[in-house]
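What follows is the content of my_file.txt, which has compact mmCIF, C-alpha atoms:
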```
# COMPACT_ATOMS: atom_id res chain seq x y z
CA MET H 167 41.00 148.30 -114.79
CA PRO H 168 39.40 150.96 -112.55
CA GLN H 169 41.65 152.03 -109.71
CA HIS H 170 39.19 150.83 -107.07
CA LEU H 171 39.30 147.34 -108.62
CA ALA H 172 43.11 147.10 -108.76
CA SER H 173 44.64 144.05 -107.13
CA PRO H 174 45.64 144.75 -103.51
CA ASP H 175 49.32 144.91 -102.63
CA ASN H 176 49.69 141.56 -100.90
CA ARG H 177 53.38 141.80 -100.09
CA ARG H 178 54.46 140.88 -96.61
CA LEU H 179 55.49 143.84 -94.47
CA TRP H 180 59.04 142.54 -94.33
CA GLU H 181 59.29 142.41 -98.13
CA ALA H 182 58.07 145.98 -98.44
CA LEU H 183 60.53 147.27 -95.84
CA ALA H 184 63.53 145.28 -97.08
CA GLY H 185 62.99 146.08 -100.75
CA ASP H 186 65.67 144.62 -102.98
CA GLY H 187 68.28 144.90 -100.23
CA ARG H 188 70.41 147.66 -101.70
CA PHE H 189 69.34 150.10 -98.99
CA PHE H 190 70.87 147.86 -96.32
CA LEU H 191 74.21 147.73 -98.11
CA THR H 192 74.18 151.48 -98.70
CA PHE H 193 73.38 151.92 -95.01
CA THR H 194 76.38 149.73 -94.17
CA GLY H 195 78.62 151.99 -96.23
CA LEU H 196 77.18 155.11 -94.60
CA ILE H 197 77.74 153.73 -91.09
CA LEU H 198 81.34 152.88 -91.97
CA ILE H 199 81.89 156.47 -93.10
CA LEU H 200 80.32 157.87 -89.92
CA SER H 201 82.30 155.44 -87.76
CA GLY H 202 85.53 156.51 -89.41
CA LEU H 203 84.71 160.17 -88.82
CA PHE H 204 83.92 159.41 -85.18
CA VAL H 205 87.27 157.66 -84.66
CA ILE H 206 89.15 160.55 -86.26
CA ILE H 207 87.31 163.26 -84.32
CA GLN H 208 87.75 161.32 -81.07
CA SER H 209 91.49 161.14 -81.71
CA ILE H 210 91.77 164.81 -82.67
CA THR H 211 90.12 165.82 -79.37
CA GLY H 212 92.84 163.90 -77.54
CA HIS H 213 90.61 161.50 -75.59
CA PHE H 214 90.36 157.76 -75.29
CA LEU H 215 87.00 156.02 -75.32
CA PRO H 216 85.58 155.08 -71.89
CA HIS H 217 86.24 151.36 -72.31
CA ASP H 218 89.85 152.11 -73.31
CA VAL H 219 90.34 154.12 -70.11
CA SER H 220 88.72 151.35 -68.08
CA TYR H 221 90.98 148.70 -69.60
CA LEU H 222 94.16 150.76 -69.50
CA GLY H 223 93.59 152.46 -66.17
CA LEU H 224 94.88 155.71 -67.64
CA THR H 225 93.32 158.60 -69.52
CA ALA H 226 95.03 160.00 -72.60
CA GLN H 227 96.18 162.99 -70.55
CA GLN H 228 97.70 160.73 -67.89
CA LEU H 229 99.44 158.56 -70.49
CA SER H 230 100.87 161.69 -72.12
CA ARG H 231 103.04 162.22 -69.06
CA TYR H 232 105.18 159.31 -70.18
CA HIS H 233 107.88 159.58 -72.86
CA GLU H 234 107.02 163.17 -73.78
CA GLY H 235 103.53 162.17 -74.93
CA LYS H 236 104.93 160.10 -77.80
CA ILE H 237 103.03 156.98 -76.76
CA THR H 238 99.71 158.79 -76.86
CA HIS H 239 100.54 160.36 -80.21
CA PHE H 240 101.48 156.95 -81.58
CA MET H 241 98.15 155.46 -80.51
CA PHE H 242 96.19 158.33 -82.02
CA HIS H 243 98.09 158.04 -85.31
CA ASP H 244 97.00 154.40 -85.65
CA ARG H 245 93.40 155.35 -84.94
CA VAL H 246 93.28 158.23 -87.40
CA ALA H 247 94.76 156.00 -90.11
CA PHE H 248 92.15 153.34 -89.29
CA GLY H 249 89.37 155.93 -89.47
CA GLY H 250 90.51 157.02 -92.92
CA SER H 251 90.61 153.44 -94.17
CA ILE H 252 87.03 152.62 -93.17
CA ILE H 253 85.76 155.91 -94.62
CA ALA H 254 87.37 154.84 -97.90
CA VAL H 255 85.72 151.42 -97.65
CA GLY H 256 82.33 152.99 -96.93
CA CYS H 257 82.60 155.28 -99.96
CA ILE H 258 83.43 152.52 -102.41
CA TYR H 259 80.77 150.24 -100.88
CA MET H 260 78.15 152.85 -101.73
CA TRP H 261 79.52 153.08 -105.28
CA LEU H 262 79.41 149.28 -105.71
CA VAL H 263 75.77 149.26 -104.62
CA GLU H 264 74.64 152.19 -106.75
CA PHE H 265 76.37 151.23 -109.99
CA PRO H 266 77.49 147.63 -110.74
CA LEU H 267 75.20 145.90 -108.20
CA LYS H 268 72.22 147.97 -109.34
CA GLN H 269 72.88 146.60 -112.83
CA GLY H 270 72.91 143.03 -111.49
CA GLN H 271 76.63 142.43 -111.95
CA ALA H 272 77.56 139.38 -109.91
CA TRP H 273 81.20 140.33 -109.38
CA ALA H 274 80.13 143.34 -107.30
CA TRP H 275 78.02 141.14 -105.03
CA TRP H 276 80.86 138.69 -104.51
CA LEU H 277 83.29 141.53 -103.87
CA LEU H 278 80.99 142.92 -101.18
CA LEU H 279 80.86 139.46 -99.62
CA LEU H 280 84.61 138.80 -99.73
CA SER H 281 85.57 142.26 -98.52
CA GLY H 282 83.01 141.97 -95.75
CA ILE H 283 84.60 138.72 -94.60
CA THR H 284 87.96 140.49 -94.53
CA GLY H 285 86.66 143.59 -92.79
CA PHE H 286 84.31 142.06 -90.25
CA GLY H 287 86.66 139.10 -89.76
CA SER H 288 89.55 141.39 -88.81
CA PHE H 289 87.78 141.90 -85.47
CA LEU H 290 88.87 138.37 -84.59
CA THR H 291 92.50 139.49 -84.56
CA TYR H 292 91.89 140.27 -80.88
CA LEU H 293 92.60 136.57 -80.32
CA GLY H 294 96.22 137.32 -81.18
CA HIS H 295 96.69 140.20 -78.74
CA GLY H 296 94.11 139.48 -76.06
CA TYR H 297 92.21 142.78 -75.96
CA LEU H 298 88.48 142.38 -76.61
CA ASP H 299 87.22 145.82 -77.58
CA SER H 300 83.62 145.68 -76.35
CA TRP H 301 82.51 148.80 -78.25
CA HIS H 302 84.06 147.59 -81.48
CA GLY H 303 82.48 144.18 -80.97
CA MET H 304 79.05 145.66 -80.28
CA ALA H 305 79.24 147.93 -83.33
CA THR H 306 80.24 144.94 -85.48
CA LEU H 307 77.35 142.84 -84.19
CA MET H 308 74.86 145.67 -84.75
CA LEU H 309 76.03 146.36 -88.31
CA LEU H 310 76.42 142.74 -89.39
CA PRO H 311 72.65 142.04 -89.72
CA PHE H 312 72.16 145.01 -92.08
CA TYR H 313 75.07 143.87 -94.20
CA SER H 314 73.88 140.25 -94.21
CA ILE H 315 70.26 141.13 -95.07
CA GLY H 316 71.50 143.36 -97.88
CA LEU H 317 73.54 140.54 -99.39
CA VAL H 318 70.71 138.02 -99.11
CA ARG H 319 68.14 140.34 -100.68
CA THR H 320 70.36 141.63 -103.49
CA TYR H 321 71.41 138.17 -104.66
CA ALA H 322 68.12 137.94 -106.59
CA ARG H 323 69.16 141.00 -108.64
CA LEU H 324 72.15 139.24 -110.16
CA THR H 325 72.07 138.40 -113.84
CA GLY H 326 74.19 136.12 -116.00
CA ASP H 327 76.85 134.04 -114.30
CA LYS H 328 76.10 134.25 -110.57
CA SER H 329 79.02 132.09 -109.46
CA ILE H 330 82.02 133.41 -107.56
CA TRP H 331 84.15 132.80 -110.65
CA ASP H 332 82.58 135.88 -112.22
CA ILE H 333 84.82 138.04 -110.05
CA LEU H 334 87.91 136.46 -111.64
CA LYS H 335 87.00 137.48 -115.17
CA VAL H 336 88.73 140.50 -116.67
CA THR H 337 86.78 143.41 -118.12
CA ASN H 338 89.67 145.82 -118.43
CA HIS H 339 92.02 144.18 -120.91
CA TRP H 340 95.04 146.31 -121.52
CA ASN H 341 98.47 146.36 -123.07
CA PHE H 342 101.55 147.99 -121.66
CA THR H 343 102.24 150.15 -124.71
CA THR H 344 99.37 152.57 -124.04
CA ARG H 345 98.88 155.30 -121.46
CA THR H 346 95.69 153.66 -120.25
CA GLY H 347 97.33 150.24 -119.98
CA ILE H 348 100.15 151.61 -117.85
CA GLY H 349 97.63 153.50 -115.73
CA ILE H 350 95.55 150.37 -115.07
CA THR H 351 98.70 148.47 -114.13
CA LEU H 352 99.63 151.15 -111.61
CA LEU H 353 96.14 151.11 -110.08
CA LEU H 354 96.21 147.31 -109.83
CA PHE H 355 99.60 147.58 -108.14
CA THR H 356 98.14 150.10 -105.70
CA GLY H 357 95.29 147.78 -104.76
CA PHE H 358 97.57 144.79 -104.35
CA GLY H 359 100.04 146.83 -102.31
CA LEU H 360 97.31 148.04 -99.95
CA PHE H 361 96.04 144.50 -99.48
CA ALA H 362 99.50 143.06 -98.83
CA GLY H 363 100.39 145.96 -96.54
CA GLY H 364 97.18 145.52 -94.57
CA LEU H 365 97.80 141.81 -94.04
CA THR H 366 101.35 142.60 -92.93
CA ILE H 367 100.17 145.18 -90.39
CA MET H 368 97.54 142.75 -89.08
CA PHE H 369 100.22 140.08 -88.63
CA VAL H 370 102.60 142.50 -86.92
CA GLY H 371 99.77 143.68 -84.66
CA MET H 372 99.09 140.13 -83.53
CA THR H 373 102.77 139.25 -83.00
CA ALA H 374 105.62 141.75 -82.59
CA VAL H 375 103.21 144.75 -82.51
CA PHE H 376 105.99 147.25 -83.31
CA VAL H 377 108.55 147.77 -86.03
CA PRO H 378 111.89 149.32 -84.98
CA GLN H 379 110.92 152.80 -86.23
CA ASP H 380 107.89 152.80 -83.90
CA LEU H 381 110.03 152.32 -80.82
CA VAL H 382 112.50 154.97 -81.97
CA PHE H 383 109.63 157.44 -82.37
CA MET H 384 108.29 156.71 -78.88
CA HIS H 385 111.78 156.82 -77.33
CA ALA H 386 110.94 153.57 -75.61
CA THR H 387 111.64 149.85 -75.56
CA VAL H 388 109.01 147.15 -75.29
CA HIS H 389 110.09 146.59 -71.70
CA GLN H 390 109.64 150.27 -70.87
CA LEU H 391 106.15 150.25 -72.41
CA ARG H 392 105.20 147.29 -70.24
CA GLN H 393 106.43 149.20 -67.21
CA VAL H 394 104.03 152.04 -67.99
CA GLU H 395 101.02 149.69 -67.88
CA ASP H 396 100.60 145.95 -68.50
CA HIS H 397 97.58 146.51 -70.76
CA LEU H 398 99.23 149.14 -72.93
CA ILE H 399 100.75 146.85 -75.56
CA PRO H 400 97.59 144.75 -76.09
CA LEU H 401 95.61 147.98 -76.60
CA ILE H 402 98.13 149.28 -79.15
CA ALA H 403 98.15 145.87 -80.86
CA HIS H 404 94.37 146.07 -81.20
CA ASP H 405 94.60 149.46 -82.90
CA ARG H 406 97.28 148.21 -85.28
CA SER H 407 95.28 145.13 -86.24
CA CYS H 408 92.16 147.23 -86.89
CA PHE H 409 94.09 149.51 -89.22
CA GLY H 410 95.58 146.51 -90.99
CA GLY H 411 92.11 145.05 -91.50
CA GLY H 412 90.79 148.29 -92.96
CA LEU H 413 93.80 148.62 -95.26
CA ALA H 414 93.52 145.03 -96.50
CA THR H 415 89.81 145.50 -97.16
CA ILE H 416 90.19 148.64 -99.28
CA GLY H 417 93.09 147.04 -101.15
CA LEU H 418 91.01 143.97 -101.98
CA ILE H 419 88.13 146.11 -103.24
CA ILE H 420 90.37 148.37 -105.34
CA PHE H 421 92.20 145.47 -106.99
CA PHE H 422 89.15 143.53 -108.12
CA THR H 423 87.18 146.66 -109.02
CA ILE H 424 89.96 147.75 -111.39
CA ARG H 425 90.00 144.30 -113.01
CA ARG H 426 86.26 143.88 -113.31
CA ALA H 427 84.40 147.20 -113.51
CA GLU H 428 83.56 148.93 -116.76
CA PRO H 429 85.75 152.04 -117.22
CA THR H 430 83.49 155.00 -116.50
CA ARG H 431 83.65 158.51 -115.12
CA ASN H 432 82.09 157.46 -111.84
CA LEU H 433 84.62 154.62 -111.43
CA TRP H 434 87.49 157.08 -111.88
CA GLU H 435 85.85 159.50 -109.46
CA ILE H 436 85.26 156.96 -106.69
CA LEU H 437 88.83 155.74 -106.98
CA LEU H 438 90.02 159.33 -106.61
CA VAL H 439 87.77 159.97 -103.61
CA SER H 440 88.40 156.73 -101.69
CA LEU H 441 92.16 156.53 -102.28
CA THR H 442 92.68 160.21 -101.54
CA ILE H 443 90.77 159.94 -98.27
CA GLY H 444 92.69 156.85 -97.20
CA PHE H 445 96.15 158.17 -98.04
CA THR H 446 95.46 161.68 -96.73
CA PHE H 447 94.63 160.49 -93.24
CA ALA H 448 97.21 157.69 -93.14
CA LEU H 449 100.06 159.96 -94.29
CA GLY H 450 98.85 163.29 -92.94
CA VAL H 451 98.67 162.17 -89.33
CA HIS H 452 102.34 161.18 -89.44
CA PHE H 453 103.30 164.78 -90.21
CA VAL H 454 100.98 166.11 -87.50
CA ILE H 455 102.77 164.05 -84.83
CA SER H 456 106.22 164.42 -86.50
CA TYR H 457 106.61 160.68 -87.18
CA THR H 458 108.28 161.22 -90.53
CA ASP H 459 110.86 158.44 -90.75
CA VAL H 460 111.47 158.01 -94.48
CA THR H 461 111.95 154.25 -94.31
CA HIS H 462 108.68 153.83 -92.42
CA LEU H 463 106.69 156.01 -94.81
CA LEU H 464 108.32 154.87 -98.05
CA PRO H 465 105.55 152.32 -98.92
CA ALA H 466 102.93 155.05 -98.42
CA TYR H 467 104.87 157.49 -100.60
CA LEU H 468 105.11 154.82 -103.28
CA GLY H 469 101.36 154.19 -102.99
CA VAL H 470 100.57 157.87 -103.50
CA VAL H 471 102.78 158.08 -106.57
CA THR H 472 101.30 154.93 -108.14
CA TYR H 473 97.65 155.78 -107.54
CA LEU H 474 97.96 159.39 -108.69
CA SER H 475 99.93 158.33 -111.75
CA GLY H 476 97.40 155.59 -112.51
CA LEU H 477 94.50 158.00 -112.27
CA GLY H 478 96.31 160.57 -114.35
CA LEU H 479 97.04 158.10 -117.14
CA THR H 480 93.47 156.72 -117.24
CA PHE H 481 91.69 160.07 -116.94
CA ARG H 482 91.29 160.82 -120.63
CA THR H 483 90.09 157.33 -121.63
CA TRP H 484 87.75 156.75 -118.71
CA HIS H 485 86.09 160.14 -119.19
CA THR H 486 85.42 159.58 -122.88
CA GLN H 487 82.60 157.52 -124.35
CA LEU H 488 84.23 155.45 -127.09
CA SER H 489 82.23 154.35 -130.12
CA GLN H 490 84.66 151.62 -131.12
CA PRO H 491 86.12 148.82 -128.95
CA THR H 492 89.65 149.42 -127.76
CA PRO H 493 92.18 147.09 -126.10
CA LEU H 494 90.65 148.35 -122.84
CA GLN H 495 87.19 147.01 -123.75
CA GLN H 496 87.80 143.95 -125.90
CA PRO H 497 85.46 141.07 -125.00
CA GLU H 498 87.11 138.27 -123.11
CA VAL H 499 88.09 135.26 -125.22
```
If you convert what's in this file into structure tokens, what do you get?
Amino acid sequence: MPQHLASPDNRRLWEALAGDGRFFLTFTGLILILSGLFVIIQSITGHFLPHDVSYLGLTAQQLSRYHEGKITHFMFHDRVAFGGSIIAVGCIYMWLVEFPLKQGQAWAWWLLLLSGITGFGSFLTYLGHGYLDSWHGMATLMLLPFYSIGLVRTYARLTGDKSIWDILKVTNHWNFTTRTGIGITLLLFTGFGLFAGGLTIMFVGMTAVFVPQDLVFMHATVHQLRQVEDHLIPLIAHDRSCFGGGLATIGLIIFFTIRRAEPTRNLWEILLVSLTIGFTFALGVHFVISYTDVTHLLPAYLGVVTYLSGLGLTFRTWHTQLSQPTPLQQPEV
């Protein structure tokens, strides 16, 4: 047909702009990465956000006059760890969109949905500590439409079994007598540990707020912290809950991705990138502020050992294209 007689493009403007929805989910991941970087940079500069100062009635410099600046350092360490966790989430979101979701794999769509419920829903933990972070709330409300539109539009891309049960199937079958099998087990353990640890931190943030090691580091009791400023503990509790939500989200994604994704080079690489970013900021900031209590950091040390060992043991297999099925790739019975 001559070009001048070709059928006109009759798509609605919205359909043309929205495309298949993957852009919106990639954009969500990018904003999470940028938000994490902003939180980290803000903490490194030693300043609170304007709404924090308004709520607390103290700047970071004024708060540093109390307890040798340990309270301020403690607050910044929570925020840096939170920033690292949402950068990790943003990175693996972009991988999910570009690889398994692009291929129409339903488990990736459901994982984006479930992790989004965990991540966005963690904002509601403010009900447990009473501090409504207006900036956090506004950022959540602004990002939520992009995430929601992306999920709605990409659902049409899914092939095969589109039900939520697809996420419970197992792609990576393994046995414990092989290097790869042990490596997968360690990576699964890492994901589960991050998820459980995140839920624990969220619960602590909404209830006791501190563990004993926290108070020892700050050289303060809960009563003394309340004497500094009535709003101080709710603000710290908010930071703790946010970090717990980010940690639980990345743990959930890691666990189900290991179970469900095809073993590929890019899967190994995104696990290396996201887990290294998360652990580097969460652990590194403790050494910067000299909060190095072994008991407190032991779960993080264990996490580093398990994820690095898991990646080391799976490296050779996941970077090799195999011509014959292995226990790692056997079809599910």
Exercise. What is the atom CA of H:Leu307-atom CA of H:Val451 distance in Å, reported with one decimal?
Worked result: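 Going from atom CA of H:Leu307 over to atom CA of H:Val451, I get 29.2 Å.
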Rows by chain and residue number, stretch 394-477 of chain H within 12 Å of stretch 229-250 of chain H, shortest pair, only C-alpha atoms, as a Markdown table:
```
| residue | atom | partner | partner_atom | distance |
| --- | --- | --- | --- | --- |
| H:Val394 | CA | H:Tyr232 | CA | 7.7 |
| H:Glu395 | CA | H:Leu229 | CA | 9.4 |
| H:Leu398 | CA | H:Ile237 | CA | 9.5 |
| H:Ile399 | CA | H:Met241 | CA | 10.3 |
| H:Pro400 | CA | H:Met241 | CA | 11.6 |
| H:Leu401 | CA | H:Met241 | CA | 8.8 |
| H:Ile402 | CA | H:Met241 | CA | 6.3 |
| H:Ala403 | CA | H:Met241 | CA | 9.6 |
| H:His404 | CA | H:Asp244 | CA | 9.8 |
| H:Asp405 | CA | H:Asp244 | CA | 6.1 |
| H:Arg406 | CA | H:Asp244 | CA | 6.2 |
| H:Ser407 | CA | H:Phe248 | CA | 9.3 |
| H:Cys408 | CA | H:Phe248 | CA | 6.6 |
| H:Phe409 | CA | H:Phe248 | CA | 4.3 |
| H:Gly410 | CA | H:Phe248 | CA | 7.8 |
| H:Gly411 | CA | H:Phe248 | CA | 8.6 |
| H:Gly412 | CA | H:Phe248 | CA | 6.4 |
| H:Leu413 | CA | H:Phe248 | CA | 7.8 |
| H:Ala414 | CA | H:Phe248 | CA | 11.1 |
| H:Thr415 | CA | H:Phe248 | CA | 11.4 |
| H:Ile416 | CA | H:Gly250 | CA | 10.5 |
| H:Val439 | CA | H:Gly250 | CA | 11.4 |
| H:Ser440 | CA | H:Gly250 | CA | 9.0 |
| H:Leu441 | CA | H:Gly250 | CA | 9.5 |
| H:Thr442 | CA | H:Gly250 | CA | 9.4 |
| H:Ile443 | CA | H:Gly250 | CA | 6.1 |
| H:Gly444 | CA | H:Gly250 | CA | 4.8 |
| H:Phe445 | CA | H:Gly250 | CA | 7.7 |
| H:Thr446 | CA | H:Gly250 | CA | 7.8 |
| H:Phe447 | CA | H:Gly250 | CA | 5.4 |
| H:Ala448 | CA | H:Ala247 | CA | 4.2 |
| H:Leu449 | CA | H:Ala247 | CA | 7.8 |
| H:Gly450 | CA | H:Ala247 | CA | 8.8 |
| H:Val451 | CA | H:His243 | CA | 5.8 |
| H:His452 | CA | H:His243 | CA | 6.7 |
| H:Phe453 | CA | H:His243 | CA | 9.8 |
| H:Val454 | CA | H:His243 | CA | 8.8 |
| H:Ile455 | CA | H:His239 | CA | 6.3 |
| H:Ser456 | CA | H:His239 | CA | 9.4 |
| H:Tyr457 | CA | H:Phe240 | CA | 8.5 |
| H:Thr458 | CA | H:His243 | CA | 11.9 |
| H:Ala466 | CA | H:Ala247 | CA | 11.7 |
```
Exercise. Quick one: distance from atom CA of H:Leu278 to atom CA of H:Trp301 in Å, one decimal?
Worked result: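 Going from atom CA of H:Leu278 over to atom CA of H:Trp301 covers 23.7 Å.
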Give me, as a Markdown table, each residue of stretch 395-439 of chain H that comes within 10 Å of stretch 267-273 of chain H, together with its shortest interatomic pair and the distance in Å at one decimal, counting all atoms listed in the file, with rows ordered by chain and rising residue number.
```
| residue | atom | partner | partner_atom | distance |
| --- | --- | --- | --- | --- |
| H:Phe422 | CA | H:Trp273 | CA | 8.7 |
| H:Thr423 | CA | H:Trp273 | CA | 8.7 |
| H:Arg426 | CA | H:Trp273 | CA | 7.3 |
| H:Ala427 | CA | H:Trp273 | CA | 8.6 |
```
Restrict the selected residues to C-alpha atoms and save them as a PDB file, in the coordinates of the input.
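Written output follows (out36.pdb):
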```
ATOM      1  CA  PHE H 422      89.150 143.530-108.120  1.00  0.00           C
ATOM      2  CA  THR H 423      87.180 146.660-109.020  1.00  0.00           C
ATOM      3  CA  ARG H 426      86.260 143.880-113.310  1.00  0.00           C
ATOM      4  CA  ALA H 427      84.400 147.200-113.510  1.00  0.00           C
TER       5      ALA H 427
END
```
Distance table requested - stretch 232-261 of chain H against stretch 194-198 of chain H, cut-off 8 Å, all atoms listed in the file: one row per qualifying residue with the closest atom pair and its distance in Å to one decimal, ordered by chain and rising residue number, as CSV.
```
residue,atom,partner,partner_atom,distance
H:Ile252,CA,H:Leu198,CA,5.8
H:Ile253,CA,H:Leu198,CA,6.0
H:Val255,CA,H:Gly195,CA,7.3
H:Gly256,CA,H:Gly195,CA,3.9
H:Cys257,CA,H:Gly195,CA,6.4
H:Ile258,CA,H:Gly195,CA,7.8
H:Tyr259,CA,H:Gly195,CA,5.4
H:Met260,CA,H:Gly195,CA,5.6
```
Dump of C-alpha atoms for the selected residues, as a compact mmCIF listing (two decimals), in the frame of the given file:
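Output below, filename again03.txt:
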```
# COMPACT_ATOMS: atom_id res chain seq x y z
CA ILE H 252 87.03 152.62 -93.17
CA ILE H 253 85.76 155.91 -94.62
CA VAL H 255 85.72 151.42 -97.65
CA GLY H 256 82.33 152.99 -96.93
CA CYS H 257 82.60 155.28 -99.96
CA ILE H 258 83.43 152.52 -102.41
CA TYR H 259 80.77 150.24 -100.88
CA MET H 260 78.15 152.85 -101.73
```
Exercise. Interatomic distance between atom CA of H:Gly316 and atom CA of H:Ala274?
Worked result: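 Going from atom CA of H:Gly316 over to atom CA of H:Ala274, I get 12.8 Å.
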Exercise. When distances are computed from all atoms listed in the file, which of H:Pro378, H:Asp396, H:Pro311, H:Leu277 shows the smallest separation from H:Arg425?
Worked result: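 Of the candidates, the smallest distance to H:Arg425 is held by H:Leu277.
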Do a neighbour search on H:Gly417 at 8 Å with only C-alpha atoms, toss out local chain neighbours closer than 3 positions, and write the hits as a compact mmCIF listing (two decimals) with C-alpha atoms, in the coordinates of the input.
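Listed below is the output, result30.txt:
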```txt
# COMPACT_ATOMS: atom_id res chain seq x y z
CA THR H 356 98.14 150.10 -105.70
CA GLY H 357 95.29 147.78 -104.76
CA PHE H 358 97.57 144.79 -104.35
CA GLY H 359 100.04 146.83 -102.31
CA LEU H 360 97.31 148.04 -99.95
CA PHE H 361 96.04 144.50 -99.48
CA ALA H 362 99.50 143.06 -98.83
CA GLY H 364 97.18 145.52 -94.57
CA LEU H 413 93.80 148.62 -95.26
CA ALA H 414 93.52 145.03 -96.50
CA ILE H 420 90.37 148.37 -105.34
CA PHE H 421 92.20 145.47 -106.99
```
Exercise. Of the residues H:Pro465, H:Ala322, H:Ser201, H:Leu224, which is the one nearest to H:Thr306, using all atoms listed in the file?
Worked result: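 Comparing H:Pro465, H:Ala322, H:Ser201, H:Leu224 against H:Thr306, the winner is H:Ser201.
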Exercise. Need the neighbours of (98.0, 153.4, -114.0): which residues are at most 9 Å away, counting all atoms listed in the file, as a VMD selection string?
Worked result: chain H and resid 345 to 356 472 to 480
Exercise. With only C-alpha atoms as the atoms that count, which of H:Thr483, H:Glu264, H:Phe189, H:Gly469 lies nearest to H:Thr344?
Worked result: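 For H:Thr344, the nearest of the candidates is H:Thr483.
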Exercise. Counting only C-alpha atoms, which of H:Gly371, H:Arg323, H:His397, H:Ile315 gets nearest to H:Asp218?
Worked result: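 Smallest distance to H:Asp218 is found for H:His397.
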Problem set entry | Minimum-distance residue to H:Leu334, chosen among H:Leu200, H:Ile424, H:Val470, H:Thr366 (using only C-alpha atoms) |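 For H:Leu334, the nearest of the given residues is H:Ile424.
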Exercise. When distances are computed from only C-alpha atoms, which of H:Pro429, H:Gly285, H:Pro266, H:Gly296 shows the smallest separation from H:Leu324?
Worked result: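 Smallest distance to H:Leu324 is found for H:Pro266.
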Would you list the residues near (75.3, 146.3, -94.7) (no more than 7 Å away, in the coordinates of the file, using all atoms listed in the file) as a short mmCIF file (atom, residue, chain, number, x, y, z; two decimals) with C-alpha atoms, in the coordinates of the input?
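Wrote it out as point.cif, contents follow:
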```cif
data_model
loop_
_atom_site.label_atom_id
_atom_site.label_comp_id
_atom_site.auth_asym_id
_atom_site.auth_seq_id
_atom_site.Cartn_x
_atom_site.Cartn_y
_atom_site.Cartn_z
CA PHE H 190 70.87 147.86 -96.32
CA LEU H 191 74.21 147.73 -98.11
CA THR H 192 74.18 151.48 -98.70
CA PHE H 193 73.38 151.92 -95.01
CA THR H 194 76.38 149.73 -94.17
CA GLY H 195 78.62 151.99 -96.23
CA LEU H 309 76.03 146.36 -88.31
CA LEU H 310 76.42 142.74 -89.39
CA PHE H 312 72.16 145.01 -92.08
CA TYR H 313 75.07 143.87 -94.20
CA SER H 314 73.88 140.25 -94.21
CA GLY H 316 71.50 143.36 -97.88
#
```
The centre and edge lengths of an axis-aligned box containing all atoms of stretch 474-478 of chain H present in the file, extended by 5 Å on each side, are to be given in Å to one decimal, as lines of an AutoDock Vina configuration file.
```
center_x = 97.2
center_y = 158.1
center_z = -111.5
size_x = 15.4
size_y = 15.0
size_z = 15.7
```
